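What follows is final.pdb (PDB, C-alpha atoms).
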```
ATOM      1  CA  MET I   1     -47.764 -78.530 -54.270  1.00  0.00           C
ATOM      2  CA  ASP I   2     -47.358 -76.736 -50.984  1.00  0.00           C
ATOM      3  CA  ARG I   3     -50.858 -76.075 -49.702  1.00  0.00           C
ATOM      4  CA  ARG I   4     -49.535 -74.356 -46.567  1.00  0.00           C
ATOM      5  CA  PHE I   5     -48.613 -71.251 -48.561  1.00  0.00           C
ATOM      6  CA  ARG I   6     -50.399 -71.524 -51.922  1.00  0.00           C
ATOM      7  CA  VAL I   7     -53.903 -72.145 -53.277  1.00  0.00           C
ATOM      8  CA  TYR I   8     -54.449 -74.121 -56.481  1.00  0.00           C
ATOM      9  CA  TYR I   9     -57.044 -73.955 -59.238  1.00  0.00           C
ATOM     10  CA  LEU I  10     -57.673 -75.700 -62.537  1.00  0.00           C
ATOM     11  CA  VAL I  11     -58.365 -72.912 -65.014  1.00  0.00           C
ATOM     12  CA  ASN I  12     -59.758 -73.030 -68.544  1.00  0.00           C
ATOM     13  CA  PHE I  13     -58.643 -69.777 -70.187  1.00  0.00           C
ATOM     14  CA  ASN I  14     -61.007 -69.942 -73.169  1.00  0.00           C
ATOM     15  CA  HIS I  15     -64.101 -71.728 -71.898  1.00  0.00           C
ATOM     16  CA  ASN I  16     -66.740 -72.365 -74.607  1.00  0.00           C
ATOM     17  CA  TRP I  17     -64.478 -70.905 -77.287  1.00  0.00           C
ATOM     18  CA  TRP I  18     -62.259 -73.977 -77.497  1.00  0.00           C
ATOM     19  CA  ASP I  19     -65.156 -76.383 -78.052  1.00  0.00           C
ATOM     20  CA  SER I  20     -66.652 -74.263 -80.818  1.00  0.00           C
ATOM     21  CA  HIS I  21     -63.246 -73.669 -82.492  1.00  0.00           C
ATOM     22  CA  LEU I  22     -63.794 -69.900 -82.374  1.00  0.00           C
ATOM     23  CA  ASP I  23     -60.537 -69.104 -80.582  1.00  0.00           C
ATOM     24  CA  ILE I  24     -58.446 -69.168 -83.730  1.00  0.00           C
ATOM     25  CA  GLY I  25     -54.815 -68.497 -82.884  1.00  0.00           C
ATOM     26  CA  ALA I  26     -55.616 -68.764 -79.160  1.00  0.00           C
ATOM     27  CA  ILE I  27     -56.327 -65.022 -78.927  1.00  0.00           C
ATOM     28  CA  VAL I  28     -58.841 -65.308 -76.056  1.00  0.00           C
ATOM     29  CA  TYR I  29     -56.626 -67.823 -74.252  1.00  0.00           C
ATOM     30  CA  ASN I  30     -53.523 -65.607 -74.467  1.00  0.00           C
ATOM     31  CA  GLU I  31     -55.346 -62.409 -73.468  1.00  0.00           C
ATOM     32  CA  ASN I  32     -56.859 -64.044 -70.386  1.00  0.00           C
ATOM     33  CA  LEU I  33     -53.523 -65.578 -69.431  1.00  0.00           C
ATOM     34  CA  ARG I  34     -51.672 -62.241 -69.748  1.00  0.00           C
ATOM     35  CA  GLU I  35     -54.322 -60.411 -67.744  1.00  0.00           C
ATOM     36  CA  LEU I  36     -54.076 -62.863 -64.834  1.00  0.00           C
ATOM     37  CA  GLN I  37     -50.287 -62.602 -64.881  1.00  0.00           C
ATOM     38  CA  ARG I  38     -50.560 -58.822 -64.768  1.00  0.00           C
ATOM     39  CA  ARG I  39     -53.020 -58.745 -61.857  1.00  0.00           C
ATOM     40  CA  VAL I  40     -51.608 -61.453 -59.529  1.00  0.00           C
ATOM     41  CA  PRO I  41     -47.895 -61.024 -58.654  1.00  0.00           C
ATOM     42  CA  SER I  42     -47.314 -64.517 -57.185  1.00  0.00           C
ATOM     43  CA  LEU I  43     -49.140 -66.367 -59.984  1.00  0.00           C
ATOM     44  CA  LYS I  44     -47.641 -69.654 -61.153  1.00  0.00           C
ATOM     45  CA  ILE I  45     -49.009 -71.614 -64.100  1.00  0.00           C
ATOM     46  CA  THR I  46     -48.199 -75.232 -64.876  1.00  0.00           C
ATOM     47  CA  PRO I  47     -49.641 -77.720 -67.367  1.00  0.00           C
ATOM     48  CA  ASN I  48     -52.492 -79.888 -66.224  1.00  0.00           C
ATOM     49  CA  ASN I  49     -51.359 -83.524 -66.070  1.00  0.00           C
ATOM     50  CA  GLN I  50     -54.467 -84.673 -67.916  1.00  0.00           C
ATOM     51  CA  ASP I  51     -55.156 -84.721 -71.658  1.00  0.00           C
ATOM     52  CA  ASP I  52     -56.954 -81.372 -71.452  1.00  0.00           C
ATOM     53  CA  THR I  53     -54.363 -79.131 -73.130  1.00  0.00           C
ATOM     54  CA  HIS I  54     -56.238 -75.838 -72.787  1.00  0.00           C
ATOM     55  CA  GLN I  55     -56.684 -76.190 -69.024  1.00  0.00           C
ATOM     56  CA  LYS I  56     -53.806 -75.206 -66.716  1.00  0.00           C
ATOM     57  CA  LYS I  57     -53.033 -75.560 -63.028  1.00  0.00           C
ATOM     58  CA  VAL I  58     -52.787 -72.078 -61.513  1.00  0.00           C
ATOM     59  CA  SER I  59     -51.560 -71.185 -58.045  1.00  0.00           C
ATOM     60  CA  CYS I  60     -50.885 -68.092 -55.977  1.00  0.00           C
ATOM     61  CA  LEU I  61     -49.939 -67.234 -52.410  1.00  0.00           C
ATOM     62  CA  ASN I  62     -52.767 -67.706 -49.915  1.00  0.00           C
ATOM     63  CA  GLU I  63     -52.927 -63.967 -49.197  1.00  0.00           C
ATOM     64  CA  GLU I  64     -53.500 -63.234 -52.909  1.00  0.00           C
ATOM     65  CA  GLU I  65     -56.375 -65.686 -53.386  1.00  0.00           C
ATOM     66  CA  THR I  66     -58.995 -62.935 -53.258  1.00  0.00           C
ATOM     67  CA  MET I  67     -57.024 -61.005 -55.860  1.00  0.00           C
ATOM     68  CA  LEU I  68     -56.891 -64.101 -58.097  1.00  0.00           C
ATOM     69  CA  ARG I  69     -60.609 -64.859 -57.729  1.00  0.00           C
ATOM     70  CA  ASN I  70     -61.542 -61.232 -58.448  1.00  0.00           C
ATOM     71  CA  ALA I  71     -59.338 -61.219 -61.540  1.00  0.00           C
ATOM     72  CA  MET I  72     -60.851 -64.487 -62.822  1.00  0.00           C
ATOM     73  CA  SER I  73     -64.372 -63.218 -62.122  1.00  0.00           C
ATOM     74  CA  ASN I  74     -63.756 -60.136 -64.263  1.00  0.00           C
ATOM     75  CA  LEU I  75     -62.479 -62.035 -67.310  1.00  0.00           C
ATOM     76  CA  LYS I  76     -64.729 -63.332 -70.060  1.00  0.00           C
ATOM     77  CA  TYR I  77     -64.695 -66.932 -71.245  1.00  0.00           C
ATOM     78  CA  ILE I  78     -62.818 -68.309 -68.245  1.00  0.00           C
ATOM     79  CA  SER I  79     -63.835 -71.067 -65.859  1.00  0.00           C
ATOM     80  CA  TRP I  80     -62.079 -72.456 -62.798  1.00  0.00           C
ATOM     81  CA  THR I  81     -62.278 -75.076 -60.086  1.00  0.00           C
ATOM     82  CA  LYS I  82     -60.392 -74.940 -56.800  1.00  0.00           C
ATOM     83  CA  ILE I  83     -58.217 -77.994 -56.180  1.00  0.00           C
ATOM     84  CA  GLY I  84     -58.082 -79.636 -52.771  1.00  0.00           C
ATOM     85  CA  GLU I  85     -61.036 -78.234 -50.895  1.00  0.00           C
TER
END
```
Now that the file is in, can you turn its structure into structure tokens?
Amino acid sequence: MDRRFRVYYLVNFNHNWWDSHLDIGAIVYNENLRELQRRVPSLKITPNNQDDTHQKKVSCLNEEETMLRNAMSNLKYISWTKIGE
């Protein structure tokens, strides 16, 4: 992780759907993931090193953080936490 150039978030792409088993086939998860990839050019997604399989570590260039936060704010069923504040 290079915090000089990138910001990092833990992102749950189908918040509340996973726990209730309503996201059959991961439709909500995949739609939210594709939308973030479309909106944020420098987006990188890696697995979270914990047991939480539906939560990913997401990063982007510092100058695109506002773009990332706006994109996440406009998606349904997504939650996030900034890492390293």
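Counting from atom CA of I:Ser42, the distance to atom CA of I:Phe5 is 11.0 Å.
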Contacts of I:Val7 within 8 Å, only C-alpha atoms, excl. fewer than 3 positions in-chain, as a PyMOL selection string: chain I and resi 3+59-62+65+82-83
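Reported to one decimal place, the separation of atom CA of I:Ile27 from atom CA of I:Asn12 is 13.6 Å.
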Exercise: I:Arg69 partners within 12 Å, only C-alpha atoms, chain neighbours under 5 positions left out, as a ChimeraX atom specification: /I:7-9,11,36,39-40,43,58-60,62-64,74-75,78-82
Selected residues written out with C-alpha atoms, as a PDB file, in the coordinates of the input:
```pdb
ATOM      1  CA  VAL I   7     -53.903 -72.145 -53.277  1.00  0.00           C
ATOM      2  CA  TYR I   8     -54.449 -74.121 -56.481  1.00  0.00           C
ATOM      3  CA  TYR I   9     -57.044 -73.955 -59.238  1.00  0.00           C
ATOM      4  CA  VAL I  11     -58.365 -72.912 -65.014  1.00  0.00           C
ATOM      5  CA  LEU I  36     -54.076 -62.863 -64.834  1.00  0.00           C
ATOM      6  CA  ARG I  39     -53.020 -58.745 -61.857  1.00  0.00           C
ATOM      7  CA  VAL I  40     -51.608 -61.453 -59.529  1.00  0.00           C
ATOM      8  CA  LEU I  43     -49.140 -66.367 -59.984  1.00  0.00           C
ATOM      9  CA  VAL I  58     -52.787 -72.078 -61.513  1.00  0.00           C
ATOM     10  CA  SER I  59     -51.560 -71.185 -58.045  1.00  0.00           C
ATOM     11  CA  CYS I  60     -50.885 -68.092 -55.977  1.00  0.00           C
ATOM     12  CA  ASN I  62     -52.767 -67.706 -49.915  1.00  0.00           C
ATOM     13  CA  GLU I  63     -52.927 -63.967 -49.197  1.00  0.00           C
ATOM     14  CA  GLU I  64     -53.500 -63.234 -52.909  1.00  0.00           C
ATOM     15  CA  ASN I  74     -63.756 -60.136 -64.263  1.00  0.00           C
ATOM     16  CA  LEU I  75     -62.479 -62.035 -67.310  1.00  0.00           C
ATOM     17  CA  ILE I  78     -62.818 -68.309 -68.245  1.00  0.00           C
ATOM     18  CA  SER I  79     -63.835 -71.067 -65.859  1.00  0.00           C
ATOM     19  CA  TRP I  80     -62.079 -72.456 -62.798  1.00  0.00           C
ATOM     20  CA  THR I  81     -62.278 -75.076 -60.086  1.00  0.00           C
ATOM     21  CA  LYS I  82     -60.392 -74.940 -56.800  1.00  0.00           C
TER      22      LYS I  82
END
```
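Taking atom CA of I:Arg38 and atom CA of I:Gly84 as the two end points, the separation is 25.2 Å.
Of the listed residues (I:Phe13, I:Tyr77, I:Lys56, I:Arg6), I:Phe13 comes nearest to I:Arg34; the distances count all atoms listed in the file.
If all atoms listed in the file are the atoms counted, then among I:Lys76, I:Ala71, I:Glu31, I:Leu10 the closest residue to I:Ile45 is I:Leu10.
Minimum atom-to-atom distance to I:Tyr29, evaluated using only C-alpha atoms, belongs to I:Gln55 out of I:Gln55, I:Asn48, I:Thr66, I:Ser73.
Minimum atom-to-atom distances from I:Leu33, I:Pro41, I:Val28, I:Arg4 to I:Met67 were compared using all atoms listed in the file, and the lowest value belongs to I:Pro41.
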